[in-house]
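These notes are about the structure you will find just below.
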Amino acid sequence: MKSMTAMEYDKVFALEDEALECPYEHFKQARSQCPVSRSEGSGFWVASDHEHVTAVLKDPATFSSSSVLGPQVSAEWQRMIDLAAATSQGKREIGEDYGSSDRKVLQFCDPPEHTRHRKLITSALSPAAIRSWEPRIRETAQLYIDGLAKQPAVDFVKDFATGYTMTVIADILGVPRDQVDQLLAWAEGFNSMVGNPHQSQEEIDALVHVRLGFDLYFDQAMKARRQEPTGDLVSRIVELNDAAEEPLERDELFQVLQLVVVGGSDTSSTALAKMVEHLALHPEQWTELREDPSRIPAFMEEMLRTEAPVQGIFRHVTRDTELGGQPLKEGDYIWVSIGSANRDPEVFQDPDTQDISRKGTPSKYVSFGAGPHTCPGTALTRLELRVMLEMLTSRFTGVRLLDGKPASKKSFLFFGPAELHVEFTS
Ligand code: HEM
């Protein structure tokens with residue numbers, strides 16, 4: 001029984017195409033037969049039902065966030081930081097102490113430190129603060145819609161969704177729009193590692209330039225905002241950190257900014273692309289949303305539940321414990337299967353059905369995590385997705401896939417189409 005559940009998850013961790021495209025059947029077996037099981041192929045535990053996923057996420061003392069990317073990627077990540085720090089350019093332009101911090105901040109650490117780090121970003125991302133961004137987000141969405149009206153056949157991932165969500169986050173950070181392509185290139189580099197431990201040494205070495213480029217840019221940006229604050233999120237982070245009793249180090253702030261840039265763009269663009277793919281396969285739903293846009297929020301929530309853009313995340317076990325009848329040892333890793341918890345029949349009736357009349361979805365699903373690390377970007381995500389879906393469905397009569405079923409991202413963390421060739425119809 002146990003080896004069977006492990007085998008099912010192993011296909012996902014081995015990044016097999018079929019398992020990545022539709023992982024849910026694999027999850028189902030594990031969830032019903034052994035909700036906490038060990039994946040023999042990868043060597044870590046998996047929690048696959050709602051009860052144990054939320055229990056792990058809400059207990060940071062036992063399940064630490066020190067290695068949320070998992071054992072292999074965390075080691076490669078550190079190697080990338082060390083190699084960037086070893087460059088003469090890094091030390092010369094950023095400072096002799098560049099690279100001296102392990103950058104275990106915010107998503108990579110636990111309370112009580114984590115609580116202090118979170119304060120640097122939460123006020124700028126609060127629902128009220130985000131509401132004030134709506135006119136600007138609508139303008140950005142309009143720019144993208146205008147482009148689509150001229151060129152209705154696009155790779156929706158590369159030519160649309162990533163640019164849209166990165167422009168939104170760049171505006172909030174205060175990064176000029178002519179830097180959006182650069183931000184996208186850095187995010188793509190960082191993300192190529194996340195959820196994919198099968199990188200060659202050359203690929204990791206190449207990422208040193210991503211690390212260094214990002215750090216050099218934000219070092220300058222923070223110095224400029226310290227001298228002349230401009231009211232944006234970079235200024236706010238610098239201001240709050242300088243005033244803090246225990247301020248973070250400069251390199252640690254690079255990590256906070258990276259989490260906002262990467263966490264704030266790829267996740268929402270993946271979610272948007274998955275929604276458009278779904279609507280291309282269900283044209284009657286496009287018509288329904290076009291005729292009654294008030295249904296868009298419920299559609300989004302069901303999509304976020306059934307097709308979680310972040311499929312899972314790691315925690316590091318800090319002490320011997322028992323979970324779901326299994327003995328976990330200090331030092332073990334556990335992967336919480338968000339995508340599976342969201343389809344747990346104990347919590348969601350008829351869980352594989354996308355039902356936009358379902359009540360209470362957002363309060364129960366774990367697409368944005370649970371516990372102290374619950375995503376601080378939920379208000380922004382909901383706003384930018386709603387605005388875009390409203391504008392797309394009112395401007396176009398439908399969307400169709402051009403190349404059949406799109407390939408999935410090669411990651412067991414991020415879930416969604418790697419490319420999405422579609423045509424919008426007027
Ligand atoms: C569909 C969109 C999104 C999804 C599915 C998503 C998902 C998640 C999840 C599951 C976590 C918890 C990770 C953990 O427990 O270790 C998280 C944390 C985080 N997210 Fe999001 N996110 C999204 C959008 C955003 C946006 C728009 C931003 C930025 C504005 C953002 C910034 C962050 C940050 C900084 C964290 C770390 C928070 C902490 O450790 O306290 N995310 N996100």
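As shown in the structure tokens, the chain order sets the letters A, B, ...; within each chain, residues go from 1, and ligands are also counted from 1 in the order they appear.
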
Around ligand 1, at most 8 Å away and counting only C-alpha atoms and all ligand atoms, which residues are there? Put them as a short mmCIF file (atom, residue, chain, number, x, y, z; two decimals) with N, CA, C and O atoms, in the first residue's frame, please.
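Saved the output as part.cif:
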```cif
data_model
loop_
_atom_site.label_atom_id
_atom_site.label_comp_id
_atom_site.auth_asym_id
_atom_site.auth_seq_id
_atom_site.Cartn_x
_atom_site.Cartn_y
_atom_site.Cartn_z
N LEU A 57 1.24 23.17 7.72
CA LEU A 57 1.46 24.59 7.43
C LEU A 57 1.23 25.47 8.65
O LEU A 57 1.82 26.54 8.78
N SER A 65 10.25 26.36 7.75
CA SER A 65 10.31 26.85 6.37
C SER A 65 11.75 27.11 5.93
O SER A 65 11.97 27.76 4.90
N VAL A 68 12.16 25.75 2.05
CA VAL A 68 10.87 25.54 1.38
C VAL A 68 11.02 25.01 -0.04
O VAL A 68 10.05 24.54 -0.63
N LEU A 106 11.92 35.85 5.51
CA LEU A 106 10.52 35.81 5.08
C LEU A 106 10.04 34.39 4.80
O LEU A 106 9.81 33.63 5.72
N GLN A 107 9.96 34.00 3.53
CA GLN A 107 9.41 32.67 3.25
C GLN A 107 10.38 31.56 3.66
O GLN A 107 10.00 30.40 3.74
N PHE A 108 11.64 31.94 3.90
CA PHE A 108 12.66 30.94 4.22
C PHE A 108 12.99 30.91 5.71
O PHE A 108 14.07 30.47 6.09
N CYS A 109 12.11 31.43 6.53
CA CYS A 109 12.38 31.36 7.98
C CYS A 109 11.07 31.22 8.74
O CYS A 109 9.99 31.20 8.15
N HIS A 114 10.24 35.65 11.22
CA HIS A 114 9.35 35.77 10.06
C HIS A 114 8.31 36.88 10.25
O HIS A 114 8.01 37.64 9.33
N THR A 115 7.78 36.99 11.46
CA THR A 115 6.73 37.99 11.72
C THR A 115 7.26 39.40 11.47
O THR A 115 6.57 40.25 10.92
N HIS A 117 9.79 40.20 9.44
CA HIS A 117 10.06 40.39 8.00
C HIS A 117 8.79 40.70 7.22
O HIS A 117 8.80 41.49 6.29
N ARG A 118 7.72 40.03 7.61
CA ARG A 118 6.46 40.19 6.86
C ARG A 118 5.94 41.61 6.92
O ARG A 118 5.32 42.11 5.99
N ILE A 121 6.36 44.19 4.07
CA ILE A 121 5.60 44.21 2.80
C ILE A 121 4.08 44.24 2.96
O ILE A 121 3.38 44.63 2.06
N LEU A 125 0.60 45.75 0.58
CA LEU A 125 -0.19 44.77 -0.16
C LEU A 125 -1.57 44.54 0.47
O LEU A 125 -2.29 43.63 0.07
N ILE A 169 3.37 44.32 -10.98
CA ILE A 169 4.24 44.25 -9.79
C ILE A 169 5.37 45.29 -9.90
O ILE A 169 5.77 45.89 -8.90
N VAL A 256 14.01 39.50 0.06
CA VAL A 256 12.62 39.93 0.24
C VAL A 256 12.08 40.44 -1.10
O VAL A 256 10.98 40.07 -1.55
N LEU A 259 11.39 37.71 -3.53
CA LEU A 259 10.15 36.98 -3.25
C LEU A 259 8.94 37.74 -3.78
O LEU A 259 7.98 37.14 -4.25
N VAL A 260 9.00 39.06 -3.71
CA VAL A 260 7.88 39.85 -4.24
C VAL A 260 7.87 39.77 -5.77
O VAL A 260 6.82 39.54 -6.39
N VAL A 261 9.04 39.92 -6.39
CA VAL A 261 9.11 39.90 -7.86
C VAL A 261 8.69 38.53 -8.40
O VAL A 261 7.84 38.42 -9.29
N VAL A 262 9.27 37.48 -7.85
CA VAL A 262 9.00 36.14 -8.37
C VAL A 262 7.62 35.65 -7.90
O VAL A 262 6.80 35.20 -8.69
N GLY A 263 7.37 35.79 -6.59
CA GLY A 263 6.09 35.34 -6.05
C GLY A 263 4.94 36.11 -6.64
O GLY A 263 3.84 35.60 -6.79
N GLY A 264 5.19 37.38 -7.01
CA GLY A 264 4.11 38.24 -7.45
C GLY A 264 3.83 38.19 -8.93
O GLY A 264 2.86 38.77 -9.40
N SER A 265 4.65 37.52 -9.71
CA SER A 265 4.43 37.55 -11.16
C SER A 265 4.07 36.19 -11.71
O SER A 265 3.00 35.98 -12.27
N ASP A 266 4.95 35.21 -11.53
CA ASP A 266 4.75 33.93 -12.20
C ASP A 266 3.51 33.20 -11.70
O ASP A 266 2.79 32.58 -12.49
N THR A 267 3.26 33.31 -10.40
CA THR A 267 2.09 32.62 -9.85
C THR A 267 0.80 33.15 -10.48
O THR A 267 -0.03 32.38 -10.95
N SER A 268 0.66 34.48 -10.52
CA SER A 268 -0.59 35.02 -11.05
C SER A 268 -0.68 34.83 -12.56
O SER A 268 -1.76 34.62 -13.09
N SER A 269 0.47 34.90 -13.27
CA SER A 269 0.37 34.71 -14.72
C SER A 269 0.04 33.25 -15.03
O SER A 269 -0.73 32.96 -15.94
N THR A 270 0.59 32.33 -14.24
CA THR A 270 0.25 30.92 -14.43
C THR A 270 -1.24 30.70 -14.19
O THR A 270 -1.90 29.98 -14.94
N ALA A 271 -1.75 31.33 -13.14
CA ALA A 271 -3.18 31.18 -12.83
C ALA A 271 -4.02 31.71 -13.98
O ALA A 271 -4.98 31.06 -14.42
N LEU A 272 -3.65 32.87 -14.50
CA LEU A 272 -4.42 33.47 -15.60
C LEU A 272 -4.37 32.58 -16.84
O LEU A 272 -5.40 32.36 -17.49
N LEU A 304 -8.76 28.51 -8.98
CA LEU A 304 -7.62 28.50 -8.06
C LEU A 304 -7.65 27.25 -7.18
O LEU A 304 -6.62 26.71 -6.80
N ALA A 308 -4.50 24.53 -8.62
CA ALA A 308 -3.65 25.39 -7.79
C ALA A 308 -2.34 25.74 -8.50
O ALA A 308 -1.58 24.85 -8.89
N PRO A 309 -2.05 27.04 -8.68
CA PRO A 309 -0.83 27.43 -9.40
C PRO A 309 0.45 27.02 -8.66
O PRO A 309 1.48 26.80 -9.28
N VAL A 310 0.38 26.97 -7.33
CA VAL A 310 1.50 26.40 -6.56
C VAL A 310 0.99 25.05 -6.05
O VAL A 310 0.10 24.98 -5.22
N GLN A 311 1.55 23.99 -6.58
CA GLN A 311 1.02 22.65 -6.27
C GLN A 311 1.47 22.11 -4.93
O GLN A 311 0.84 21.22 -4.36
N GLY A 312 2.58 22.62 -4.44
CA GLY A 312 3.04 22.10 -3.15
C GLY A 312 4.28 22.83 -2.71
O GLY A 312 4.88 23.59 -3.48
N ILE A 313 4.65 22.62 -1.46
CA ILE A 313 5.79 23.36 -0.90
C ILE A 313 6.41 22.47 0.18
O ILE A 313 5.74 21.62 0.74
N PHE A 314 7.69 22.68 0.45
CA PHE A 314 8.37 21.83 1.44
C PHE A 314 8.37 22.44 2.84
O PHE A 314 8.35 23.66 3.00
N ARG A 315 8.47 21.56 3.81
CA ARG A 315 8.80 21.94 5.17
C ARG A 315 9.85 20.95 5.68
O ARG A 315 9.89 19.80 5.23
N ILE A 338 -0.61 20.80 -2.00
CA ILE A 338 -1.69 21.79 -2.01
C ILE A 338 -2.77 21.39 -3.02
O ILE A 338 -3.97 21.42 -2.72
N VAL A 366 -6.41 25.76 0.04
CA VAL A 366 -5.08 26.14 0.54
C VAL A 366 -4.16 26.60 -0.60
O VAL A 366 -2.95 26.54 -0.50
N SER A 367 -4.77 27.11 -1.66
CA SER A 367 -3.97 27.56 -2.81
C SER A 367 -2.99 28.66 -2.44
O SER A 367 -1.94 28.80 -3.05
N PHE A 368 -3.36 29.49 -1.45
CA PHE A 368 -2.47 30.55 -1.01
C PHE A 368 -1.75 30.16 0.29
O PHE A 368 -1.25 31.01 1.01
N GLY A 369 -1.72 28.88 0.58
CA GLY A 369 -1.07 28.41 1.80
C GLY A 369 -2.01 28.49 2.99
O GLY A 369 -3.22 28.70 2.85
N ALA A 370 -1.43 28.35 4.18
CA ALA A 370 -2.18 28.45 5.44
C ALA A 370 -1.16 28.74 6.53
O ALA A 370 0.03 28.48 6.34
N GLY A 371 -1.62 29.27 7.66
CA GLY A 371 -0.68 29.55 8.74
C GLY A 371 0.12 30.81 8.49
O GLY A 371 -0.28 31.66 7.69
N PRO A 372 1.26 30.96 9.19
CA PRO A 372 1.97 32.25 9.17
C PRO A 372 2.46 32.70 7.80
O PRO A 372 2.63 33.89 7.57
N HIS A 373 2.69 31.78 6.88
CA HIS A 373 3.23 32.17 5.57
C HIS A 373 2.13 32.38 4.52
O HIS A 373 2.47 32.55 3.34
N THR A 374 0.88 32.36 4.94
CA THR A 374 -0.21 32.55 3.95
C THR A 374 0.12 33.73 3.04
O THR A 374 0.55 34.79 3.50
N CYS A 375 -0.08 33.51 1.77
CA CYS A 375 0.35 34.48 0.76
C CYS A 375 -0.14 35.90 1.07
O CYS A 375 -1.33 36.12 1.23
N PRO A 376 0.77 36.88 1.11
CA PRO A 376 0.34 38.26 1.32
C PRO A 376 -0.16 38.93 0.04
O PRO A 376 -0.61 40.06 0.07
N GLY A 377 -0.09 38.19 -1.09
CA GLY A 377 -0.46 38.80 -2.37
C GLY A 377 -1.86 38.44 -2.84
O GLY A 377 -2.19 38.65 -4.01
N THR A 378 -2.73 37.96 -1.93
CA THR A 378 -4.05 37.47 -2.37
C THR A 378 -4.92 38.61 -2.93
O THR A 378 -5.57 38.43 -3.95
N ALA A 379 -4.91 39.76 -2.27
CA ALA A 379 -5.78 40.86 -2.74
C ALA A 379 -5.32 41.31 -4.12
O ALA A 379 -6.14 41.54 -5.03
N LEU A 380 -4.02 41.39 -4.31
CA LEU A 380 -3.50 41.81 -5.62
C LEU A 380 -3.85 40.78 -6.69
O LEU A 380 -4.31 41.13 -7.78
N THR A 381 -3.65 39.51 -6.36
CA THR A 381 -3.95 38.46 -7.33
C THR A 381 -5.41 38.54 -7.77
O THR A 381 -5.72 38.54 -8.95
N ARG A 382 -6.28 38.63 -6.79
CA ARG A 382 -7.72 38.62 -7.12
C ARG A 382 -8.08 39.82 -7.98
O ARG A 382 -8.85 39.72 -8.93
#
```

Wanna dump the segment 191-297 of chain A-segment 77-90 of chain A contacts at 7 Å for me, each residue with its shortest atom pair and the distance in Å to one decimal, counting only C-alpha atoms, ordered by chain and number, as a Markdown table?
```
| residue | atom | partner | partner_atom | distance |
| --- | --- | --- | --- | --- |
| A:Ile204 | CA | A:Met80 | CA | 6.6 |
| A:Asp205 | CA | A:Met80 | CA | 6.9 |
| A:Leu207 | CA | A:Met80 | CA | 6.6 |
| A:Val208 | CA | A:Ala84 | CA | 5.2 |
| A:Arg211 | CA | A:Ala84 | CA | 6.5 |
| A:Leu212 | CA | A:Ala84 | CA | 5.6 |
```

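Each of A:Trp286, A:Tyr365, A:Phe412, A:Phe190 was compared to Thr397 of chain A using only C-alpha atoms, and A:Trp286 turns out to be the nearest.
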
With distances taken over only C-alpha atoms, which residue among A:Glu322, A:Ile296, A:Ala341, A:Thr353 lies nearest Arg386 of chain A?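 When distances to Arg386 of chain A are compared using only C-alpha atoms, the smallest one comes from A:Ile296.
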
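The gap separating atom CA of Ser337 of chain A from atom CA of Leu279 of chain A is 25.2 Å, in Å to one decimal.
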
Non-local contacts of segment 234-240 of chain A (10 Å; only C-alpha atoms; under 2 positions in same chain excluded) as a tab-separated table (two decimals) with all heavy atoms, in the first residue's frame:
```tsv
chain	number	residue	atom	x	y	z
A	117	HIS	N	9.79	40.20	9.44
A	117	HIS	CA	10.06	40.39	8.00
A	117	HIS	C	8.79	40.70	7.22
A	117	HIS	O	8.80	41.49	6.29
A	117	HIS	CB	10.71	39.13	7.40
A	117	HIS	CG	11.95	38.70	8.12
A	117	HIS	ND1	12.54	37.48	7.92
A	117	HIS	CD2	12.72	39.33	9.05
A	117	HIS	CE1	13.59	37.38	8.69
A	117	HIS	NE2	13.72	38.48	9.39
A	119	LYS	N	6.24	42.28	8.07
A	119	LYS	CA	5.74	43.65	8.23
A	119	LYS	C	6.31	44.59	7.16
A	119	LYS	O	5.76	45.64	6.89
A	119	LYS	CB	6.12	44.18	9.61
A	119	LYS	CG	5.29	43.56	10.71
A	119	LYS	CD	5.49	44.30	12.02
A	119	LYS	CE	4.80	43.55	13.14
A	119	LYS	NZ	5.64	43.31	14.30
A	120	LEU	N	7.44	44.21	6.57
A	120	LEU	CA	8.06	45.08	5.56
A	120	LEU	C	7.18	45.20	4.31
A	120	LEU	O	7.28	46.17	3.58
A	120	LEU	CB	9.43	44.54	5.14
A	120	LEU	CG	10.53	44.52	6.21
A	120	LEU	CD1	11.78	43.84	5.65
A	120	LEU	CD2	10.87	45.94	6.65
A	121	ILE	N	6.36	44.19	4.07
A	121	ILE	CA	5.60	44.21	2.80
A	121	ILE	C	4.08	44.24	2.96
A	121	ILE	O	3.38	44.63	2.06
A	121	ILE	CB	5.98	43.02	1.89
A	121	ILE	CG1	5.77	41.67	2.61
A	121	ILE	CG2	7.40	43.13	1.37
A	121	ILE	CD1	5.87	40.48	1.67
A	123	SER	N	1.81	46.04	4.61
A	123	SER	CA	0.96	47.24	4.53
A	123	SER	C	0.78	47.66	3.06
A	123	SER	O	-0.30	48.08	2.66
A	123	SER	CB	1.51	48.38	5.37
A	123	SER	OG	2.80	48.72	4.90
A	124	ALA	N	1.83	47.50	2.25
A	124	ALA	CA	1.72	47.90	0.84
A	124	ALA	C	0.85	46.95	0.03
A	124	ALA	O	0.41	47.28	-1.07
A	124	ALA	CB	3.12	47.97	0.22
A	172	ILE	N	4.06	48.58	-8.70
A	172	ILE	CA	3.92	48.63	-7.24
A	172	ILE	C	5.30	48.79	-6.58
A	172	ILE	O	5.47	49.57	-5.64
A	172	ILE	CB	3.18	47.38	-6.73
A	172	ILE	CG1	1.72	47.45	-7.20
A	172	ILE	CG2	3.26	47.24	-5.21
A	172	ILE	CD1	0.88	46.23	-6.88
A	173	LEU	N	6.27	48.09	-7.11
A	173	LEU	CA	7.63	48.21	-6.56
A	173	LEU	C	8.25	49.58	-6.85
A	173	LEU	O	9.10	50.06	-6.12
A	173	LEU	CB	8.54	47.14	-7.17
A	173	LEU	CG	8.42	45.74	-6.59
A	173	LEU	CD1	9.07	44.73	-7.53
A	173	LEU	CD2	9.06	45.65	-5.20
A	174	GLY	N	7.82	50.17	-7.99
A	174	GLY	CA	8.44	51.42	-8.42
A	174	GLY	C	9.59	51.18	-9.38
A	174	GLY	O	10.47	52.02	-9.53
A	175	VAL	N	9.57	50.04	-10.06
A	175	VAL	CA	10.59	49.75	-11.07
A	175	VAL	C	10.05	50.26	-12.41
A	175	VAL	O	8.90	49.95	-12.77
A	175	VAL	CB	10.85	48.23	-11.15
A	175	VAL	CG1	11.77	47.89	-12.31
A	175	VAL	CG2	11.45	47.73	-9.84
A	218	PHE	N	18.89	46.03	-7.63
A	218	PHE	CA	18.13	46.44	-6.44
A	218	PHE	C	19.02	47.11	-5.39
A	218	PHE	O	18.53	47.88	-4.57
A	218	PHE	CB	17.30	45.28	-5.90
A	218	PHE	CG	16.04	45.10	-6.70
A	218	PHE	CD1	15.94	44.12	-7.67
A	218	PHE	CD2	14.97	45.97	-6.53
A	218	PHE	CE1	14.78	43.99	-8.45
A	218	PHE	CE2	13.81	45.85	-7.30
A	218	PHE	CZ	13.72	44.87	-8.27
A	221	ALA	N	18.74	50.57	-6.63
A	221	ALA	CA	17.38	51.07	-6.41
A	221	ALA	C	17.19	51.44	-4.94
A	221	ALA	O	16.62	52.48	-4.61
A	221	ALA	CB	16.36	50.03	-6.84
A	222	MET	N	17.69	50.59	-4.04
A	222	MET	CA	17.49	50.87	-2.61
A	222	MET	C	18.32	52.08	-2.17
A	222	MET	O	17.85	52.91	-1.38
A	222	MET	CB	17.84	49.63	-1.77
A	222	MET	CG	16.77	48.55	-1.90
A	222	MET	SD	16.87	47.29	-0.63
A	222	MET	CE	18.34	46.43	-1.08
A	223	LYS	N	19.54	52.20	-2.72
A	223	LYS	CA	20.36	53.37	-2.37
A	223	LYS	C	19.65	54.65	-2.82
A	223	LYS	O	19.60	55.64	-2.09
A	223	LYS	CB	21.73	53.27	-3.05
A	223	LYS	CG	22.68	52.33	-2.31
A	223	LYS	CD	24.02	52.26	-3.01
A	223	LYS	CE	24.95	51.29	-2.30
A	223	LYS	NZ	25.85	50.57	-3.21
A	224	ALA	N	19.10	54.61	-4.05
A	224	ALA	CA	18.42	55.80	-4.58
A	224	ALA	C	17.20	56.15	-3.73
A	224	ALA	O	16.98	57.32	-3.39
A	224	ALA	CB	18.01	55.55	-6.03
A	225	ARG	N	16.41	55.13	-3.32
A	225	ARG	CA	15.19	55.41	-2.54
A	225	ARG	C	15.54	55.88	-1.13
A	225	ARG	O	14.77	56.62	-0.52
A	225	ARG	CB	14.31	54.17	-2.41
A	225	ARG	CG	13.83	53.56	-3.67
A	225	ARG	CD	13.17	54.53	-4.63
A	225	ARG	NE	12.42	53.81	-5.62
A	225	ARG	CZ	12.96	53.10	-6.61
A	225	ARG	NH1	14.28	53.06	-6.76
A	225	ARG	NH2	12.20	52.46	-7.47
A	226	ARG	N	16.68	55.42	-0.62
A	226	ARG	CA	17.07	55.87	0.73
A	226	ARG	C	17.34	57.38	0.69
A	226	ARG	O	16.99	58.12	1.59
A	226	ARG	CB	18.31	55.10	1.20
A	226	ARG	CG	18.64	55.35	2.65
A	226	ARG	CD	19.61	54.34	3.20
A	226	ARG	NE	19.00	53.07	3.54
A	226	ARG	CZ	19.35	51.90	2.99
A	226	ARG	NH1	20.29	51.84	2.07
A	226	ARG	NH2	18.76	50.79	3.36
A	227	GLN	N	17.97	57.83	-0.40
A	227	GLN	CA	18.27	59.26	-0.54
A	227	GLN	C	17.02	60.05	-0.88
A	227	GLN	O	16.81	61.14	-0.39
A	227	GLN	CB	19.29	59.45	-1.66
A	227	GLN	CG	20.65	58.95	-1.24
A	227	GLN	CD	21.76	59.52	-2.10
A	227	GLN	OE1	21.53	59.80	-3.27
A	227	GLN	NE2	22.92	59.68	-1.52
A	228	GLU	N	16.20	59.46	-1.74
A	228	GLU	CA	15.00	60.18	-2.18
A	228	GLU	C	13.83	59.21	-2.30
A	228	GLU	O	13.61	58.59	-3.34
A	228	GLU	CB	15.28	60.80	-3.55
A	228	GLU	CG	14.34	61.93	-3.86
A	228	GLU	CD	14.76	62.62	-5.17
A	228	GLU	OE1	15.97	62.67	-5.47
A	228	GLU	OE2	13.86	63.07	-5.85
A	229	PRO	N	13.05	59.05	-1.20
A	229	PRO	CA	11.93	58.09	-1.24
A	229	PRO	C	10.88	58.51	-2.27
A	229	PRO	O	10.63	59.70	-2.44
A	229	PRO	CB	11.35	58.17	0.18
A	229	PRO	CG	12.36	58.89	1.00
A	229	PRO	CD	13.19	59.72	0.09
A	230	THR	N	10.30	57.52	-2.96
A	230	THR	CA	9.34	57.84	-4.01
A	230	THR	C	7.95	57.24	-3.73
A	230	THR	O	7.11	57.20	-4.62
A	230	THR	CB	9.87	57.35	-5.38
A	230	THR	OG1	10.51	56.08	-5.20
A	230	THR	CG2	10.86	58.30	-5.98
A	231	GLY	N	7.75	56.74	-2.51
A	231	GLY	CA	6.41	56.27	-2.13
A	231	GLY	C	6.06	54.88	-2.65
A	231	GLY	O	4.95	54.41	-2.44
A	232	ASP	N	6.97	54.24	-3.33
A	232	ASP	CA	6.68	52.91	-3.87
A	232	ASP	C	7.09	51.82	-2.87
A	232	ASP	O	7.57	52.12	-1.77
A	232	ASP	CB	7.39	52.72	-5.23
A	232	ASP	CG	8.85	53.12	-5.13
A	232	ASP	OD1	9.48	52.84	-4.08
A	232	ASP	OD2	9.38	53.72	-6.08
A	242	ASP	N	14.93	50.46	7.82
A	242	ASP	CA	15.85	51.38	8.51
A	242	ASP	C	15.33	51.75	9.89
A	242	ASP	O	16.09	51.99	10.82
A	242	ASP	CB	16.06	52.66	7.67
A	242	ASP	CG	16.95	52.40	6.45
A	242	ASP	OD1	17.49	51.28	6.34
A	242	ASP	OD2	17.09	53.30	5.60
A	243	ALA	N	13.99	51.80	10.03
A	243	ALA	CA	13.40	52.19	11.32
A	243	ALA	C	13.25	50.99	12.27
A	243	ALA	O	12.90	51.17	13.44
A	243	ALA	CB	12.03	52.83	11.07
A	244	ALA	N	13.49	49.78	11.78
A	244	ALA	CA	13.23	48.58	12.61
A	244	ALA	C	14.30	48.42	13.69
A	244	ALA	O	15.44	48.84	13.52
A	244	ALA	CB	13.22	47.34	11.72
A	245	GLU	N	13.87	47.79	14.81
A	245	GLU	CA	14.82	47.56	15.91
A	245	GLU	C	15.92	46.60	15.49
A	245	GLU	O	17.08	46.75	15.84
A	245	GLU	CB	14.07	46.95	17.09
A	245	GLU	CG	13.77	47.97	18.16
A	245	GLU	CD	12.96	47.36	19.29
A	245	GLU	OE1	13.32	46.26	19.74
A	245	GLU	OE2	11.97	48.00	19.70
A	247	PRO	N	17.04	45.57	12.07
A	247	PRO	CA	16.88	45.63	10.61
A	247	PRO	C	17.54	44.45	9.90
A	247	PRO	O	18.50	43.86	10.38
A	247	PRO	CB	17.58	46.94	10.22
A	247	PRO	CG	18.41	47.32	11.39
A	247	PRO	CD	17.87	46.65	12.61
A	248	LEU	N	16.98	44.12	8.74
A	248	LEU	CA	17.58	43.07	7.92
A	248	LEU	C	18.82	43.63	7.22
A	248	LEU	O	18.94	44.83	6.99
A	248	LEU	CB	16.58	42.61	6.84
A	248	LEU	CG	15.38	41.84	7.34
A	248	LEU	CD1	14.46	41.47	6.17
A	248	LEU	CD2	15.81	40.57	8.04
A	250	ARG	N	21.42	44.11	4.01
A	250	ARG	CA	21.16	44.45	2.60
A	250	ARG	C	20.87	43.20	1.74
A	250	ARG	O	19.89	43.14	0.99
A	250	ARG	CB	22.40	45.19	2.06
A	250	ARG	CG	22.34	45.56	0.60
A	250	ARG	CD	23.75	45.72	0.07
A	250	ARG	NE	24.47	44.48	0.32
A	250	ARG	CZ	25.73	44.42	0.79
A	250	ARG	NH1	26.39	45.51	1.00
A	250	ARG	NH2	26.31	43.26	1.02
A	253	LEU	N	17.51	41.90	2.21
A	253	LEU	CA	16.47	42.67	1.51
A	253	LEU	C	16.38	42.28	0.04
A	253	LEU	O	15.31	42.30	-0.56
A	253	LEU	CB	16.73	44.18	1.66
A	253	LEU	CG	16.58	44.74	3.07
A	253	LEU	CD1	16.87	46.24	3.09
A	253	LEU	CD2	15.19	44.49	3.66
A	256	VAL	N	14.01	39.50	0.06
A	256	VAL	CA	12.62	39.93	0.24
A	256	VAL	C	12.08	40.44	-1.10
A	256	VAL	O	10.98	40.07	-1.55
A	256	VAL	CB	12.52	41.04	1.32
A	256	VAL	CG1	11.12	41.64	1.36
A	256	VAL	CG2	12.90	40.49	2.69
A	257	LEU	N	12.88	41.28	-1.76
A	257	LEU	CA	12.44	41.84	-3.05
A	257	LEU	C	12.27	40.74	-4.08
A	257	LEU	O	11.34	40.75	-4.88
A	257	LEU	CB	13.47	42.87	-3.53
A	257	LEU	CG	13.39	44.19	-2.75
A	257	LEU	CD1	14.68	44.99	-2.88
A	257	LEU	CD2	12.20	45.02	-3.23
```

Would you give me, as number ranges by chain, the residues in segment 220-376 of chain A that DSSP reads as alpha helix (DSSP H)? A: 220-227, 233-243, 250-281, 283-291, 296-306, 338-341, 361-364

Residue nearest Phe27 of chain A among A:Asp403, A:Asp352, A:Glu246, A:Glu202 (counting only C-alpha atoms):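 Selected residue with least distance to Phe27 of chain A: A:Asp352.
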
Have a look at A:Thr167, A:Gly43, A:Phe415, A:Glu423 and name the one nearest to Ala141 of chain A; count only C-alpha atoms.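 Among the listed residues, the smallest separation from Ala141 of chain A belongs to A:Thr167.
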
What is the distance between atom CA of Gly70 of chain A and atom CA of Asp344 of chain A, in Å to one decimal? 24.0 Å

Interatomic distance between atom CA of Lys11 of chain A and atom CA of Lys274 of chain A?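 About the pair atom CA of Lys11 of chain A and atom CA of Lys274 of chain A: they are 21.6 Å apart.
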
Which residue out of A:Ser411, A:Asn342, A:Gln285, A:Thr140 has the minimum interatomic distance to Asn191 of chain A when only C-alpha atoms are used? A:Ser411
